[in-house]
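J.: The following block contains the structure, expressed as structure tokens.
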Amino acid sequence: MNLVRPFAMASVCIALGACSNGASEHPKEPAAQPTIAESPAMPHDRTVPASLLEKVLEDAEKRTGALRAQLELISTEKITWNDGALGCPQPNQMYTQALVPGYRIRVRTADQTLEYHAAETGRFVLCTPQALENPDVR
């Protein structure tokens with residue numbers, strides 16, 4: 001009978017530990033950087049939909065005034081963003097708090113590089129220091 005009590009107590013402690021939600025193990029704020037789904041050494045992820053690339057290039061043309069032939073697609077990467085902000089949060093905005101599969105797309109003109117963050121759904125944002133400071137840049 002004396003041996004049963006320590007085993008019963010150990011079982012209860014193990015069970016309680018397994019039922020905890022582990023909240024103390026998770027950071028209070030999401031990480032600032034997204035996780036990379038593919039090797040960063042691969043300059044172009046061929047899974048970016050052509051329709052999304054077309055929309056991004058159209059936006060880059062409008063923003064820069066450059067002709068399509070003057071735009072250079074310098075990299076595309078498959079990314080899993082930490083939330084609906086797509087790695088480019090704006091002040092006073094609310095975003096879904098779920099992982100969002102998507103892409104990082106970099107386009108260069110003669111004098112600047114534009115970085116676009118996109119979701120697999122096709123939604124994208126221009127993510128530059130200026131865009132982070134001025135929500136009207138979008």
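Letters A, B, ... mark the chains of the structure tokens in the order given; residue numbers begin at 1 per chain; ligand numbers begin at 1, in order shown.
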So that I can check the surroundings of A:Gly122, please list as an mmCIF file with N, CA and C atoms, in the first residue's frame every protein, DNA and RNA residue that reaches within 10 Å of it, counting only C-alpha atoms and ignoring chain neighbours fewer than 4 positions away.
T.:
data_model
loop_
_atom_site.group_PDB
_atom_site.id
_atom_site.type_symbol
_atom_site.label_atom_id
_atom_site.label_comp_id
_atom_site.auth_asym_id
_atom_site.auth_seq_id
_atom_site.Cartn_x
_atom_site.Cartn_y
_atom_site.Cartn_z
ATOM 1 N N VAL A 48 6.030 30.353 -57.600
ATOM 2 C CA VAL A 48 5.263 31.594 -57.530
ATOM 3 C C VAL A 48 4.352 31.642 -58.760
ATOM 4 N N PRO A 49 3.039 31.761 -58.555
ATOM 5 C CA PRO A 49 2.115 31.778 -59.688
ATOM 6 C C PRO A 49 2.409 32.931 -60.649
ATOM 7 N N SER A 51 0.380 34.587 -62.437
ATOM 8 C CA SER A 51 -0.591 35.682 -62.283
ATOM 9 C C SER A 51 -0.172 36.637 -61.161
ATOM 10 N N LEU A 52 0.394 36.101 -60.078
ATOM 11 C CA LEU A 52 0.875 36.943 -58.981
ATOM 12 C C LEU A 52 2.088 37.758 -59.437
ATOM 13 N N LEU A 53 3.022 37.121 -60.130
ATOM 14 C CA LEU A 53 4.182 37.853 -60.635
ATOM 15 C C LEU A 53 3.754 38.978 -61.571
ATOM 16 N N LYS A 55 0.914 40.686 -61.510
ATOM 17 C CA LYS A 55 0.344 41.781 -60.717
ATOM 18 C C LYS A 55 1.437 42.591 -60.016
ATOM 19 N N VAL A 56 2.438 41.894 -59.486
ATOM 20 C CA VAL A 56 3.548 42.582 -58.812
ATOM 21 C C VAL A 56 4.318 43.450 -59.805
ATOM 22 N N GLY A 102 3.224 32.049 -48.307
ATOM 23 C CA GLY A 102 3.318 33.053 -49.352
ATOM 24 C C GLY A 102 4.697 33.149 -49.958
ATOM 25 N N TYR A 103 5.035 34.386 -50.391
ATOM 26 C CA TYR A 103 6.255 34.608 -51.151
ATOM 27 C C TYR A 103 6.860 35.958 -50.822
ATOM 28 N N ALA A 118 3.876 38.630 -50.282
ATOM 29 C CA ALA A 118 2.604 38.154 -50.826
ATOM 30 C C ALA A 118 2.128 36.915 -50.084
#
J.: What's around A:Leu99 at 8 Å? Count only C-alpha atoms, leave out sequence neighbours fewer than 5 positions away in its own chain, and write the answer as a ChimeraX atom specification.
T.: /A:80-84
J.: Filtering to N, CA and C atoms, could you give me those residues as a PDB file, in the first residue's frame?
T.:
ATOM      1  N   THR A  80       6.813  31.381 -45.235  1.00  0.00           N
ATOM      2  CA  THR A  80       5.643  31.272 -44.368  1.00  0.00           C
ATOM      3  C   THR A  80       5.694  32.462 -43.424  1.00  0.00           C
ATOM      4  N   TRP A  81       4.761  33.394 -43.605  1.00  0.00           N
ATOM      5  CA  TRP A  81       4.705  34.599 -42.777  1.00  0.00           C
ATOM      6  C   TRP A  81       4.087  34.244 -41.432  1.00  0.00           C
ATOM      7  N   ASN A  82       4.479  34.968 -40.385  1.00  0.00           N
ATOM      8  CA  ASN A  82       3.993  34.682 -39.030  1.00  0.00           C
ATOM      9  C   ASN A  82       2.543  35.083 -38.804  1.00  0.00           C
ATOM     10  N   ASP A  83       2.036  36.013 -39.619  1.00  0.00           N
ATOM     11  CA  ASP A  83       0.650  36.454 -39.457  1.00  0.00           C
ATOM     12  C   ASP A  83       0.188  37.150 -40.733  1.00  0.00           C
ATOM     13  N   GLY A  84      -1.020  37.686 -40.715  1.00  0.00           N
ATOM     14  CA  GLY A  84      -1.608  38.313 -41.884  1.00  0.00           C
ATOM     15  C   GLY A  84      -0.953  39.618 -42.295  1.00  0.00           C
TER      16      GLY A  84
END
J.: Got a sec: who's within 7 Å of A:Leu73, counting only C-alpha atoms, leaving out chain neighbours fewer than 4 positions off, as a count of residues only?
T.: 3
J.: Quick one: residues within 10 Å of A:Tyr116, only C-alpha atoms counted, chain neighbours fewer than 4 positions away excluded, as a ChimeraX atom specification?
T.: /A:56-57,59-60,76,86,88,103-107,124-128
J.: Output the selection as an mmCIF file, in the first residue's frame - C-alpha atoms for each residue.
T.:
data_model
loop_
_atom_site.group_PDB
_atom_site.id
_atom_site.type_symbol
_atom_site.label_atom_id
_atom_site.label_comp_id
_atom_site.auth_asym_id
_atom_site.auth_seq_id
_atom_site.Cartn_x
_atom_site.Cartn_y
_atom_site.Cartn_z
ATOM 1 C CA VAL A 56 3.548 42.582 -58.812
ATOM 2 C CA LEU A 57 5.336 43.689 -61.987
ATOM 3 C CA ASP A 59 2.477 47.501 -59.528
ATOM 4 C CA ALA A 60 6.229 48.061 -59.841
ATOM 5 C CA THR A 76 11.539 35.054 -55.399
ATOM 6 C CA LEU A 86 2.931 39.403 -44.276
ATOM 7 C CA CYS A 88 5.110 44.244 -43.025
ATOM 8 C CA TYR A 103 6.255 34.608 -51.151
ATOM 9 C CA ARG A 104 8.889 37.338 -51.005
ATOM 10 C CA ILE A 105 9.476 38.914 -54.422
ATOM 11 C CA ARG A 106 12.231 41.441 -55.176
ATOM 12 C CA VAL A 107 12.122 43.640 -58.267
ATOM 13 C CA PHE A 124 0.509 41.407 -51.758
ATOM 14 C CA VAL A 125 2.036 44.511 -50.207
ATOM 15 C CA LEU A 126 5.075 46.602 -50.976
ATOM 16 C CA CYS A 127 7.296 46.255 -47.936
ATOM 17 C CA THR A 128 9.967 48.937 -47.697
#
